[in-house]
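To be precise, the following lines are protein_36.cif, and they hold mmCIF, C-alpha atoms and all ligand atoms.
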```
data_query
#
loop_
_atom_site.label_atom_id
_atom_site.label_comp_id
_atom_site.auth_asym_id
_atom_site.auth_seq_id
_atom_site.Cartn_x
_atom_site.Cartn_y
_atom_site.Cartn_z
CA MET E 1 88.71 95.88 44.81
CA THR E 2 91.83 93.81 44.26
CA ALA E 3 94.58 93.37 46.82
CA ALA E 4 96.83 95.56 44.65
CA ASP E 5 94.24 98.37 44.75
CA ALA E 6 94.02 98.11 48.50
CA ARG E 7 97.80 98.39 48.89
CA SER E 8 98.00 101.41 46.58
CA ARG E 9 95.91 103.44 49.06
CA PRO E 10 97.42 105.12 52.08
CA GLY E 11 97.08 102.85 55.06
CA SER E 12 96.97 103.72 58.74
CA LEU E 13 99.40 104.65 61.47
CA THR E 14 98.38 104.08 65.07
CA VAL E 15 100.66 105.24 67.87
CA VAL E 16 99.93 103.22 71.00
CA GLY E 17 100.95 103.29 74.65
CA LEU E 18 101.35 99.88 76.28
CA GLY E 19 101.02 101.17 79.84
CA PRO E 20 103.80 100.60 82.35
CA GLY E 21 104.15 96.83 81.87
CA ASP E 22 101.35 94.64 83.14
CA THR E 23 98.97 93.75 80.26
CA ALA E 24 96.03 94.21 82.66
CA HIS E 25 96.76 97.95 82.43
CA ARG E 26 96.72 97.98 78.63
CA THR E 27 93.56 99.42 77.10
CA PRO E 28 91.35 97.19 74.92
CA ALA E 29 91.75 99.73 72.09
CA VAL E 30 95.54 99.24 72.17
CA SER E 31 95.21 95.44 72.25
CA ALA E 32 92.85 95.58 69.22
CA ALA E 33 95.27 97.82 67.28
CA LEU E 34 98.19 95.46 68.03
CA ALA E 35 96.17 92.46 66.81
CA ALA E 36 95.10 94.22 63.59
CA ALA E 37 98.57 95.54 62.62
CA THR E 38 100.38 94.36 59.50
CA ASP E 39 103.59 96.09 60.64
CA LEU E 40 104.82 96.89 64.14
CA LEU E 41 107.59 99.33 64.92
CA GLY E 42 109.28 100.37 68.12
CA TYR E 43 112.15 100.03 70.48
CA ARG E 44 112.95 96.32 70.87
CA THR E 45 112.22 96.17 74.62
CA TYR E 46 108.72 97.59 74.10
CA LEU E 47 107.94 95.29 71.16
CA ASP E 48 108.95 92.35 73.37
CA LEU E 49 106.39 93.56 75.92
CA ALA E 50 103.74 94.07 73.23
CA GLY E 51 104.06 90.58 71.64
CA PRO E 52 103.69 87.77 70.84
CA PHE E 53 102.67 88.48 67.25
CA SER E 54 101.37 86.16 64.54
CA ASP E 55 103.49 84.94 61.63
CA GLY E 56 101.83 87.31 59.17
CA GLN E 57 102.79 90.40 61.17
CA ARG E 58 106.07 92.12 60.30
CA VAL E 59 108.03 93.32 63.33
CA HIS E 60 110.55 96.13 62.76
CA ALA E 61 112.42 96.29 66.07
CA SER E 62 115.06 98.94 66.52
CA ASP E 63 117.74 99.35 69.14
CA ASN E 64 118.47 102.99 68.56
CA ARG E 65 116.70 105.93 70.14
CA GLU E 66 116.36 107.87 66.87
CA GLU E 67 112.67 108.60 67.27
CA LEU E 68 112.21 110.87 64.25
CA ASP E 69 113.74 108.22 61.92
CA ARG E 70 111.36 105.63 63.36
CA ALA E 71 108.40 107.97 62.85
CA ARG E 72 109.40 108.57 59.20
CA HIS E 73 109.79 104.85 58.61
CA ALA E 74 106.29 104.31 60.04
CA PHE E 75 104.81 106.93 57.66
CA GLN E 76 106.61 105.39 54.67
CA LEU E 77 105.11 101.97 55.40
CA ALA E 78 101.65 103.40 56.09
CA ALA E 79 101.71 105.56 52.94
CA GLY E 80 102.36 102.34 51.02
CA GLY E 81 99.14 100.80 52.36
CA ALA E 82 100.26 99.02 55.55
CA ARG E 83 98.38 99.05 58.86
CA VAL E 84 101.24 100.26 61.02
CA VAL E 85 101.38 100.33 64.81
CA LEU E 86 104.13 102.25 66.53
CA VAL E 87 104.67 101.15 70.12
CA SER E 88 105.62 103.27 73.15
CA SER E 89 105.69 102.38 76.82
CA GLY E 90 103.28 104.10 79.17
CA ASP E 91 101.43 106.85 77.33
CA PRO E 92 102.70 107.65 73.81
CA GLY E 93 102.23 111.37 74.40
CA VAL E 94 104.37 111.51 77.55
CA PHE E 95 108.07 111.74 76.60
CA ALA E 96 107.48 109.19 73.85
CA MET E 97 106.70 108.63 70.15
CA ALA E 98 103.50 110.64 69.56
CA ALA E 99 105.25 114.03 69.39
CA ALA E 100 107.91 112.65 67.00
CA VAL E 101 105.15 111.30 64.75
CA VAL E 102 103.27 114.60 64.58
CA GLU E 103 106.58 116.41 64.07
CA ALA E 104 107.38 114.09 61.13
CA LEU E 105 103.96 114.91 59.65
CA ASP E 106 104.54 118.63 60.22
CA ASN E 107 107.73 118.39 58.12
CA ALA E 108 106.37 115.94 55.52
CA ARG E 109 106.62 116.86 51.84
CA ASP E 110 105.01 113.64 50.54
CA PRO E 111 101.24 114.29 50.20
CA ALA E 112 100.57 110.57 50.79
CA TRP E 113 101.79 110.98 54.39
CA HIS E 114 98.98 113.46 55.02
CA GLU E 115 96.42 110.93 53.77
CA VAL E 116 97.52 108.24 56.21
CA ALA E 117 94.80 107.57 58.81
CA LEU E 118 96.70 108.66 61.92
CA SER E 119 95.49 107.94 65.44
CA ILE E 120 97.10 108.07 68.84
CA LEU E 121 95.84 105.73 71.56
CA PRO E 122 96.58 106.71 75.16
CA GLY E 123 98.07 104.47 77.82
CA VAL E 124 98.68 104.56 81.55
CA SER E 125 101.80 106.63 82.15
CA ALA E 126 104.51 105.58 84.65
CA ALA E 127 103.74 108.40 87.08
CA GLN E 128 100.05 107.47 87.18
CA ALA E 129 100.85 103.80 87.78
CA ALA E 130 103.38 104.59 90.53
CA ALA E 131 101.01 107.11 92.10
CA ALA E 132 98.24 104.51 92.25
CA LEU E 133 100.51 102.08 94.11
CA ALA E 134 101.40 104.77 96.64
CA GLY E 135 97.88 106.17 97.12
CA ALA E 136 97.16 109.55 95.50
CA PRO E 137 100.28 111.76 95.48
CA LEU E 138 99.09 113.35 92.21
CA GLY E 139 95.72 114.13 93.79
CA HIS E 140 96.17 117.88 93.33
CA ASP E 141 98.10 120.03 90.82
CA PHE E 142 101.24 118.38 89.49
CA CYS E 143 103.75 118.65 86.71
CA ALA E 144 105.75 116.07 84.74
CA LEU E 145 109.36 116.83 83.84
CA SER E 146 111.96 114.77 82.00
CA LEU E 147 115.47 115.09 83.40
CA SER E 148 117.02 113.96 80.12
CA ASP E 149 119.08 116.65 78.47
CA ASN E 150 119.19 114.84 75.12
CA LEU E 151 116.64 117.22 73.64
CA LYS E 152 116.90 120.31 75.86
CA PRO E 153 119.74 122.11 77.65
CA TRP E 154 120.46 121.17 81.27
CA ALA E 155 120.26 124.84 82.32
CA GLU E 156 116.63 124.86 81.17
CA ILE E 157 115.90 121.76 83.26
CA GLU E 158 117.34 123.40 86.39
CA ARG E 159 115.36 126.59 85.70
CA ARG E 160 112.12 124.64 85.38
CA LEU E 161 112.81 122.62 88.52
CA ALA E 162 113.30 125.82 90.50
CA LEU E 163 110.10 127.36 89.12
CA VAL E 164 108.04 124.22 89.75
CA CYS E 165 109.29 124.14 93.35
CA GLU E 166 108.42 127.80 93.75
CA ALA E 167 104.90 127.04 92.43
CA ASP E 168 104.61 124.22 95.01
CA LEU E 169 103.47 121.67 92.42
CA VAL E 170 103.93 117.95 92.95
CA LEU E 171 106.72 116.91 90.63
CA ALA E 172 106.86 113.68 88.57
CA LEU E 173 110.39 113.14 87.24
CA TYR E 174 110.89 110.90 84.21
CA ASN E 175 114.28 109.74 82.82
CA PRO E 176 115.81 110.68 86.19
CA ARG E 177 119.29 109.16 86.02
CA SER E 178 121.12 107.15 83.37
CA LYS E 179 124.57 105.61 83.07
CA ALA E 180 125.44 108.34 80.57
CA ARG E 181 124.48 111.08 83.03
CA PRO E 182 125.01 109.67 86.53
CA ASP E 183 125.55 113.02 88.25
CA GLN E 184 122.70 115.17 87.01
CA PHE E 185 120.13 113.68 89.38
CA GLY E 186 122.30 114.88 92.29
CA GLN E 187 122.36 118.34 90.73
CA ALA E 188 118.58 118.27 90.32
CA LEU E 189 118.26 117.26 93.98
CA ARG E 190 120.35 120.24 95.05
CA VAL E 191 117.97 122.57 93.19
CA ILE E 192 114.91 120.94 94.75
CA ARG E 193 116.40 120.80 98.27
CA ALA E 194 117.17 124.51 98.10
CA GLN E 195 113.43 125.19 97.92
CA ARG E 196 111.59 122.33 99.58
CA PRO E 197 111.77 121.20 103.21
CA ALA E 198 113.82 118.14 104.17
CA ASP E 199 110.71 116.17 105.22
CA THR E 200 109.00 116.51 101.80
CA VAL E 201 107.55 113.12 100.85
CA VAL E 202 109.21 111.37 97.90
CA VAL E 203 107.85 108.26 96.12
CA LEU E 204 110.09 106.06 93.96
CA GLY E 205 108.30 103.66 91.60
CA ARG E 206 110.68 101.22 89.92
CA ASP E 207 109.68 98.73 87.21
CA VAL E 208 106.05 99.46 88.01
CA GLY E 209 103.76 96.79 86.55
CA ARG E 210 106.73 94.52 85.80
CA ALA E 211 108.20 91.47 87.53
CA ASP E 212 110.70 93.47 89.60
CA GLU E 213 108.21 96.15 90.69
CA SER E 214 109.16 98.11 93.79
CA LEU E 215 107.78 101.12 95.58
CA THR E 216 109.78 103.20 98.05
CA VAL E 217 108.42 106.04 100.16
CA THR E 218 111.11 108.29 101.57
CA THR E 219 111.87 111.95 102.20
CA LEU E 220 113.82 114.58 100.31
CA ALA E 221 116.53 114.49 103.00
CA GLU E 222 116.95 110.71 102.85
CA LEU E 223 116.72 110.26 99.09
CA ALA E 224 120.04 109.09 97.61
CA PRO E 225 120.80 109.24 93.86
CA ALA E 226 121.89 105.57 93.91
CA GLN E 227 118.25 104.59 94.61
CA VAL E 228 117.24 105.99 91.23
CA ASP E 229 117.83 104.82 87.66
CA MET E 230 116.16 104.92 84.24
CA ARG E 231 113.60 102.33 85.34
CA THR E 232 112.41 104.62 88.12
CA VAL E 233 109.85 107.40 88.15
CA VAL E 234 110.34 109.86 91.02
CA ILE E 235 107.42 111.74 92.57
CA VAL E 236 108.41 114.65 94.79
CA GLY E 237 105.52 115.87 96.93
CA SER E 238 104.34 119.45 97.39
CA SER E 239 104.25 121.13 100.81
CA ARG E 240 100.79 119.52 101.27
CA THR E 241 101.66 115.93 100.35
CA ARG E 242 101.48 113.69 103.41
CA ARG E 243 101.52 110.06 104.49
CA ILE E 244 99.20 108.09 106.72
CA PRO E 245 99.70 104.59 108.17
CA ARG E 246 98.47 101.59 106.23
CA ALA E 247 97.13 98.40 107.78
CA ASP E 248 100.05 96.34 106.39
CA GLY E 249 102.59 98.51 108.27
CA GLY E 250 103.43 100.65 105.24
CA CYS E 251 101.91 104.01 104.42
CA TRP E 252 99.55 105.71 101.99
CA VAL E 253 100.75 108.92 100.37
CA TYR E 254 98.31 111.56 99.23
CA THR E 255 98.05 115.19 98.27
CA PRO E 256 94.82 116.71 99.62
CA ARG E 257 92.42 118.10 97.01
CA PHE E 258 91.87 121.49 98.67
CA TYR E 259 93.84 124.17 100.46
N1 LIG R 1 105.92 107.17 77.73
C1 LIG R 1 106.39 106.69 79.02
C2 LIG R 1 107.60 107.46 79.50
C3 LIG R 1 108.83 107.27 78.62
S1 LIG R 1 110.24 108.10 79.27
C4 LIG R 1 105.25 106.79 80.04
O1 LIG R 1 104.25 107.47 79.77
O2 LIG R 1 105.37 106.18 81.10
C5 LIG R 1 111.03 106.78 80.14
C6 LIG R 1 110.94 107.00 81.64
O3 LIG R 1 109.62 106.68 82.08
C7 LIG R 1 111.85 106.11 82.47
O4 LIG R 1 113.16 106.64 82.59
C8 LIG R 1 111.14 106.13 83.81
O5 LIG R 1 111.38 107.36 84.48
C9 LIG R 1 109.68 106.12 83.38
N2 LIG R 1 109.09 104.76 83.32
C10 LIG R 1 108.61 104.16 82.22
N3 LIG R 1 108.09 102.94 82.54
C11 LIG R 1 108.26 102.80 83.87
C12 LIG R 1 107.91 101.75 84.81
N4 LIG R 1 107.30 100.63 84.42
N5 LIG R 1 108.24 101.94 86.11
C13 LIG R 1 108.85 103.08 86.51
N6 LIG R 1 109.19 104.09 85.68
C14 LIG R 1 108.90 103.94 84.38
#
```

Mind turning the file's structure into structure tokens?
Amino acid sequence: MTAADARSRPGSLTVVGLGPGDTAHRTPAVSAALAAATDLLGYRTYLDLAGPFSDGQRVHASDNREELDRARHAFQLAAGGARVVLVSSGDPGVFAMAAAVVEALDNARDPAWHEVALSILPGVSAAQAAAALAGAPLGHDFCALSLSDNLKPWAEIERRLALVCEADLVLALYNPRSKARPDQFGQALRVIRAQRPADTVVVLGRDVGRADESLTVTTLAELAPAQVDMRTVVIVGSSRTRRIPRADGGCWVYTPRFY
């Protein structure tokens, strides 16, 4: 087979999750996919974390958040024969690129897109990494919710928050508070405080697995919106979540496995 033949076939598209930051938490499967890629796509910050790449690898960094456009671009390259890797932080299926990629395929008219060898490689998600630092706050039933209203109405977010609190699930909040929506986290807190006691344990993981990593254990009453930004994942405990002293003077947080 000539090189031209090889390039005329549909190639592959692999959607990978880098984990929260530290390369030690990146799976070997993801590292192998990154090394084998001819073309790498993703948000610039994540590609910087994923590199360095070799000279022969083409890096298509983007600064915009238009995920569906990025997914379509990835399919176009792969349909032309490239080995494409699309990079997400954490897990690609948790508020990240995997759903946009499958959505692009769902809407695809080009038959070559359906022949692309598509795979999705999981990664450690931010809530899992923050939970591990704190102990085991996700040790029993929990739910993950994004507070971003870019893709869903705010009223729906408040409704879900209220229902999750009623169900007494541990709550992992992604995209909690951005410069564009500085006040919504306060609104979310009002909804949660209306249902959960003031001494409910709250864990804040910021820049987990990165140089500026920090972990804060506080309570629902003490939590202030200013402590939270887009680099933070917020874990709000259930009525069962508790803390115990740790030898270093801090505490371990856990949610018991049984009632
Ligand atoms: N796919 C990612 C989530 C993307 S949404 C994952 O599975 O982790 C982006 C949100 O994830 C951020 O606003 C923040 O809430 C959280 N997040 C991502 N990386 C993080 C990290 N290293 N430390 C703390 N929170 C992080």

Quick one: 8 Å padding each side, axis-aligned, all listed atoms of ligand LIG 1 (chain R) - centre and edge lengths in Å to one decimal, as lines of an AutoDock Vina configuration file?
```
center_x = 108.7
center_y = 104.4
center_z = 82.1
size_x = 24.9
size_y = 23.5
size_z = 24.8
```

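When all atoms listed in the file are used to measure the gap to ligand LIG 1 (chain R), the shortest distance among E:Ala74, E:Ala247, E:Ala131, E:Ala35 belongs to E:Ala131.
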
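With CA of Asp55 in chain E on one side and CA of Leu34 in chain E on the other, the separation reads 13.4 Å.
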
Inset, instruction - List all protein, DNA and RNA residues that have at least one atom no more than 6 Å from any atom of ligand LIG 1 (chain R), counting all atoms listed in the file, and write them as a count of residues only. - result: 23

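Atom pair CA of Glu166 in chain E / CA of Ala194 in chain E: separated by 10.3 Å.
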
Legend entry - Top pick for closest residue to Asn107 in chain E, considering E:Arg177, E:Arg72, E:Arg243, E:Arg159 and counting all atoms listed in the file: E:Arg72

Can you patch up range 33-52 of chain E, filling it in to N, CA, C and O atoms, and show the result as a JSON list (two decimals), in the coordinates of the input?
```
[["chain", "number", "residue", "atom", "x", "y", "z"],
["E", 33, "ALA", "N", 94.38, 97.26, 68.31],
["E", 33, "ALA", "CA", 95.27, 97.82, 67.28],
["E", 33, "ALA", "C", 96.47, 96.91, 67.06],
["E", 33, "ALA", "O", 96.89, 96.67, 65.93],
["E", 34, "LEU", "N", 97.03, 96.36, 68.15],
["E", 34, "LEU", "CA", 98.19, 95.46, 68.03],
["E", 34, "LEU", "C", 97.81, 94.22, 67.22],
["E", 34, "LEU", "O", 98.56, 93.77, 66.35],
["E", 35, "ALA", "N", 96.61, 93.69, 67.49],
["E", 35, "ALA", "CA", 96.17, 92.46, 66.81],
["E", 35, "ALA", "C", 95.92, 92.71, 65.33],
["E", 35, "ALA", "O", 96.13, 91.82, 64.50],
["E", 36, "ALA", "N", 95.48, 93.93, 64.98],
["E", 36, "ALA", "CA", 95.10, 94.22, 63.59],
["E", 36, "ALA", "C", 96.28, 94.71, 62.74],
["E", 36, "ALA", "O", 96.16, 94.85, 61.52],
["E", 37, "ALA", "N", 97.44, 94.94, 63.35],
["E", 37, "ALA", "CA", 98.57, 95.54, 62.62],
["E", 37, "ALA", "C", 99.15, 94.58, 61.58],
["E", 37, "ALA", "O", 99.25, 93.38, 61.82],
["E", 38, "THR", "N", 99.56, 95.14, 60.44],
["E", 38, "THR", "CA", 100.38, 94.36, 59.50],
["E", 38, "THR", "C", 101.86, 94.56, 59.82],
["E", 38, "THR", "O", 102.68, 93.67, 59.60],
["E", 39, "ASP", "N", 102.19, 95.75, 60.35],
["E", 39, "ASP", "CA", 103.59, 96.09, 60.64],
["E", 39, "ASP", "C", 103.68, 96.75, 62.00],
["E", 39, "ASP", "O", 102.89, 97.65, 62.30],
["E", 40, "LEU", "N", 104.64, 96.31, 62.80],
["E", 40, "LEU", "CA", 104.82, 96.89, 64.14],
["E", 40, "LEU", "C", 106.22, 97.45, 64.26],
["E", 40, "LEU", "O", 107.20, 96.78, 63.91],
["E", 41, "LEU", "N", 106.30, 98.68, 64.76],
["E", 41, "LEU", "CA", 107.59, 99.33, 64.92],
["E", 41, "LEU", "C", 107.77, 99.76, 66.37],
["E", 41, "LEU", "O", 106.78, 100.06, 67.06],
["E", 42, "GLY", "N", 109.02, 99.84, 66.78],
["E", 42, "GLY", "CA", 109.28, 100.37, 68.12],
["E", 42, "GLY", "C", 110.63, 99.91, 68.62],
["E", 42, "GLY", "O", 111.34, 99.15, 67.97],
["E", 43, "TYR", "N", 110.94, 100.42, 69.78],
["E", 43, "TYR", "CA", 112.15, 100.03, 70.48],
["E", 43, "TYR", "C", 111.98, 98.56, 70.87],
["E", 43, "TYR", "O", 110.89, 98.12, 71.27],
["E", 44, "ARG", "N", 113.06, 97.78, 70.72],
["E", 44, "ARG", "CA", 112.95, 96.32, 70.87],
["E", 44, "ARG", "C", 112.32, 95.90, 72.20],
["E", 44, "ARG", "O", 111.46, 95.03, 72.26],
["E", 45, "THR", "N", 112.74, 96.54, 73.29],
["E", 45, "THR", "CA", 112.22, 96.17, 74.62],
["E", 45, "THR", "C", 110.70, 96.30, 74.68],
["E", 45, "THR", "O", 110.01, 95.48, 75.28],
["E", 46, "TYR", "N", 110.17, 97.36, 74.04],
["E", 46, "TYR", "CA", 108.72, 97.59, 74.10],
["E", 46, "TYR", "C", 107.98, 96.60, 73.20],
["E", 46, "TYR", "O", 106.90, 96.13, 73.54],
["E", 47, "LEU", "N", 108.59, 96.27, 72.04],
["E", 47, "LEU", "CA", 107.94, 95.29, 71.16],
["E", 47, "LEU", "C", 107.91, 93.92, 71.84],
["E", 47, "LEU", "O", 106.95, 93.17, 71.68],
["E", 48, "ASP", "N", 108.96, 93.61, 72.62],
["E", 48, "ASP", "CA", 108.95, 92.35, 73.37],
["E", 48, "ASP", "C", 107.79, 92.32, 74.35],
["E", 48, "ASP", "O", 107.13, 91.30, 74.54],
["E", 49, "LEU", "N", 107.53, 93.48, 74.98],
["E", 49, "LEU", "CA", 106.39, 93.56, 75.92],
["E", 49, "LEU", "C", 105.06, 93.46, 75.19],
["E", 49, "LEU", "O", 104.08, 92.94, 75.73],
["E", 50, "ALA", "N", 105.01, 93.98, 73.96],
["E", 50, "ALA", "CA", 103.74, 94.07, 73.23],
["E", 50, "ALA", "C", 103.34, 92.73, 72.61],
["E", 50, "ALA", "O", 102.16, 92.50, 72.38],
["E", 51, "GLY", "N", 104.33, 91.84, 72.32],
["E", 51, "GLY", "CA", 104.06, 90.58, 71.64],
["E", 51, "GLY", "C", 103.37, 89.58, 72.54],
["E", 51, "GLY", "O", 102.95, 89.95, 73.65],
["E", 52, "PRO", "N", 103.21, 88.32, 72.11],
["E", 52, "PRO", "CA", 103.69, 87.77, 70.84],
["E", 52, "PRO", "C", 102.81, 88.17, 69.66],
["E", 52, "PRO", "O", 101.63, 88.50, 69.84]]
```
